[in-house]
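As structure tokens, the structure follows; a few thoughts come after it.
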Amino acid sequence: MQSQPVTDHFERKVAILTRLAEVSNILNSTLQQDALLAHLMDAAAEIAGAEAASVLLWNTTTRELYFAATTSSEAQMKLLGRPVPHEGSIAGLALRENRIVQVDNVADEPQHYNKLDEEFRFSTQSVLAIPMTSKEKLIGVLEVVNNKYGRLWTEEDHNYLSILAAQAAVAIEVAQLISALKKANEELSQIDKLKNDFIAIASHELRTPLGVILGYASFLKETTSDEVNEHASKVLSSALQLRRIIEDLTNLRYLKEGQAEIYLENVPLASLIEDVNRDIATLAEARMHTLEIRVPQESPTMYIDRIRTGMAITNVLNNALRFTPPGGRITVQADVRTRDEIWISVTDTGIGISENHLDRIFDEFYQVEDHMTRAHNGLGIGLSIARALIRAQNGRIWATSPGLGQGSTFTIALPLAQ
Ligand code: ADP
């Protein structure tokens with residue numbers, strides 16, 4: 001028959017191992033490091049039969065140890081953040097000498113730091129301090145205090161607590177990584193905001209002088225001799241190109257989801273096409289393109305944001321003009337497809353798009369041509385802006401092309417008014 005103490009010993013062992021396995025499970029399944037550390041401390045206290053447990057970390061700046069985790073009692077948690085001297089504390093001794101320090105009676109240990117005991121009216125009697133390492137660097141100490149059952153800690157306790165100390169080190173490292181990541185993320189958003197503000201301000205500032213250039217160039221073109229007129233045309237066409245780029249920059253903010261303020265209303269197709277035609281006819285003429293518009297006899301009414309849809313169609317039309325050699329044909333066609341949808345398509349006779357690029361051209365900053373050798377200017381955002389604007393009003397946009405050199409068609413599907 002087994003004697004009682006042996007059975008007790010095994011039961012205790014099983015309980016400890018179960019607790020350790022439970023901690024490992026939690027360690028693998030949570031990213032909430034604070035809660036995890038508190039749990040680890042509770043487990044450490046329980047396994048060591050101690051009144052409390054804590055982790056003290058080494059602060060490389062202040063060169064002190066401070067409480068980073070404690071058992072989850074309210075009184076213990078008041079210790080969080082409190083410093084403990086490196087020289088003149090049991091935790092400091094364990095860290096300095098990188099060894100387990102066990103003090104069974106602190107009254108006999110001059111290194112014991114008793115200031116906190118006085119402040120928190122706590123009476124420390126025994127301490128077991130286990131150094132913690134992370135990637136072979138000493139980072140702090142796991143400490144348990146006051147053996148509740150009046151027994152002395154044994155080598156077995158040292159071993160169990162060393163396992164918990166290693167787990168706590170991992171949890172702390174993960175916590176530090178997460179907080180560094182969060183910080184980096186915040187900094188990135190800050191930089192992103194600064195960049196966006198800068199682009200908004202710069203494009204706004206560029207617009208005013210450009211307006212003056214456009215005005216004078218148009219005036220000169222209308223009122224002067226043939227030779228000056230020709231120069232004025234060149235200035236005008238470059239200024240128009242510049243305007244398009246500045247508009248893209250101004251509209252960059254629409255790329256961020258939810259940033260486009262959408263105002264939906266009933267808009268007759270005819271009036272939308274009129275707006276677009278007004279914007280684009282001069283440019284088409286300048287490139288000697290034929291612009292053909294085919295709309296249904298009876299103008300249907302759409303339920304859209306007039307300005308944003310106009311911007312999207314203008315972007316697509318601008319591309320058709322640019323990617324079609326002079327003298328091409330650009331066709332704008334509108335068809336009522338279903339009871340609740342109209343398709344507006346822009347077809348050109350230009351350079352065409354190979355199949356593998358058809359989706360990607362809608363991605364931000366994507367251009368088919370290599371930016372070092374390309375013949376066309378632009379920022380690679382016109383189509384992404386068009387897609388964001390159309391999607392924001394529950395529409396769709398896509399491109400088709402029979403192949404390189406055979407032109408392209410861009411189609412925008414929009415909701416009809418009901
Ligand atoms: P970008 O201002 O640089 O032209 P976009 O987003 O408007 O940027 O267009 C992205 C790319 O899609 C263009 O650089 C071009 O390679 C291709 N593309 C767009 N429209 C056409 C078109 N009508 N014909 C051929 N390629 C086109």
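All residue names refer to the structure tokens as shown: chains lettered A, B, ... in order, residues numbered from 1 in each chain, ligands numbered from 1 in order.
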
Next item on the list: as a PyMOL selection string, list the residues of region 54-219 of chain A assigned to alpha helix (DSSP H) by DSSP on the backbone atoms of this structure.
Entry: chain A and resi 74-77+90-97+115-120+155-219

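Each residue with an atom within 6 Å of any atom of ligand 1 appears in the list, which was built counting only C-alpha atoms and all ligand atoms: Asn319, Ala320, Phe323, Gly350, Ile351, Gly352, Ile353, Ile361, Tyr366, Gln367, Val368, Glu369, Gly378, Leu379, Gly380, Ile381, Gly382, Leu383, Ser384 and Ser408 of chain A.
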
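All residues in region 78-155 of chain A with a DSSP state of strand (DSSP E), computed from the backbone, read Pro83, Val84, Val101, Gln102, Val103, Val127, Leu128, Ala129, Ile130, Pro131, Met132, Thr133, Ser134, Lys137, Leu138, Ile139, Gly140, Val141, Leu142, Glu143, Val144, Val145, Asn146 and Asn147 of chain A.
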
Item checked: For Leu283 (chain A): contacts at 12 Å, only C-alpha atoms, fewer than 2 positions along chain excluded, given as a count of residues only -> 30

Nearby residues (only C-alpha atoms) at most 9 Å from Ala44 (chain A), same-chain spacing under 6 positions excluded, as a CSV table (one decimal) with N, CA and C atoms, in the first residue's frame:
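Output file result_23.csv is given in full below:
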```csv
chain,number,residue,atom,x,y,z
A,50,ALA,N,3.1,30.3,-3.1
A,50,ALA,CA,3.5,31.6,-2.6
A,50,ALA,C,2.3,32.5,-2.5
A,52,ALA,N,2.4,35.7,-3.4
A,52,ALA,CA,2.4,36.6,-4.6
A,52,ALA,C,3.5,36.3,-5.5
A,53,ALA,N,3.3,36.8,-6.8
A,53,ALA,CA,4.4,36.6,-7.7
A,53,ALA,C,4.5,37.9,-8.6
A,54,SER,N,5.7,38.2,-9.1
A,54,SER,CA,5.8,39.4,-10.0
A,54,SER,C,6.9,39.2,-11.0
A,71,THR,N,0.8,39.3,-9.6
A,71,THR,CA,-0.4,38.4,-9.4
A,71,THR,C,-1.6,39.4,-9.4
A,142,LEU,N,11.8,36.9,-12.3
A,142,LEU,CA,10.5,36.5,-11.9
A,142,LEU,C,10.7,36.2,-10.4
A,143,GLU,N,9.8,36.8,-9.6
A,143,GLU,CA,10.0,36.7,-8.1
A,143,GLU,C,8.7,36.2,-7.5
A,144,VAL,N,8.8,35.2,-6.5
A,144,VAL,CA,7.7,34.8,-5.8
A,144,VAL,C,8.0,35.1,-4.3
A,160,TYR,N,10.3,24.4,-11.9
A,160,TYR,CA,9.0,24.8,-12.5
A,160,TYR,C,9.0,26.4,-12.7
A,161,LEU,N,9.5,27.1,-11.8
A,161,LEU,CA,9.5,28.6,-12.0
A,161,LEU,C,10.4,29.0,-13.1
A,164,LEU,N,8.2,28.8,-16.1
A,164,LEU,CA,7.3,30.0,-16.2
A,164,LEU,C,8.1,31.3,-16.5
A,165,ALA,N,9.3,31.4,-16.0
A,165,ALA,CA,10.1,32.6,-16.3
A,165,ALA,C,10.4,32.7,-17.8
```

Note to self: Excluding Leu264 (chain A) and its own-chain neighbours fewer than 5 positions away, which residues fall within 12 Å of it when counting only C-alpha atoms? Please give them as a PyMOL selection string.
What the structure shows: chain A and resi 302-309+390+392-394+414-417

Notebook entry, point to check: Can you tell me how far CA of Tyr149 (chain A) sits from CA of Ala48 (chain A), in Å to one decimal?
Noted result: 9.8 Å

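Here CA of Gln418 (chain A) stands at a distance of 12.5 Å from CA of Pro268 (chain A).
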
Margin query: When you look at Thr70 (chain A) with a cut-off of 8 Å (counting only C-alpha atoms), what residues show up, excluding the ones that are within fewer than 4 positions of it in the same chain? I need them as a PyMOL selection string.
Written below: chain A and resi 37-38+41-42+52-55+76-77+79-80

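Taking only C-alpha atoms into account, Ser401 (chain A) lies nearest to A:Asp348 out of the set A:Phe362, A:Leu181, A:Asp348, A:Asn377.
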
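One distance worth recording is that between CA of Thr62 (chain A) and CA of Ala129 (chain A), which is 21.1 Å.
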
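The residue set within 12 Å of Glu156 (chain A), counting only C-alpha atoms and dropping same-chain residues fewer than 5 places from it, reads A:His9, A:Arg12, A:Lys13, A:Ile16, A:Leu17, A:Ile47, A:Ala48, A:Leu161, A:Ser162, A:Ile163.
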
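Here the question is which of A:Asn185, A:Ile397, A:Thr331, A:Ile262 gets nearest to Ala284 (chain A) using only C-alpha atoms, and that residue is A:Thr331.
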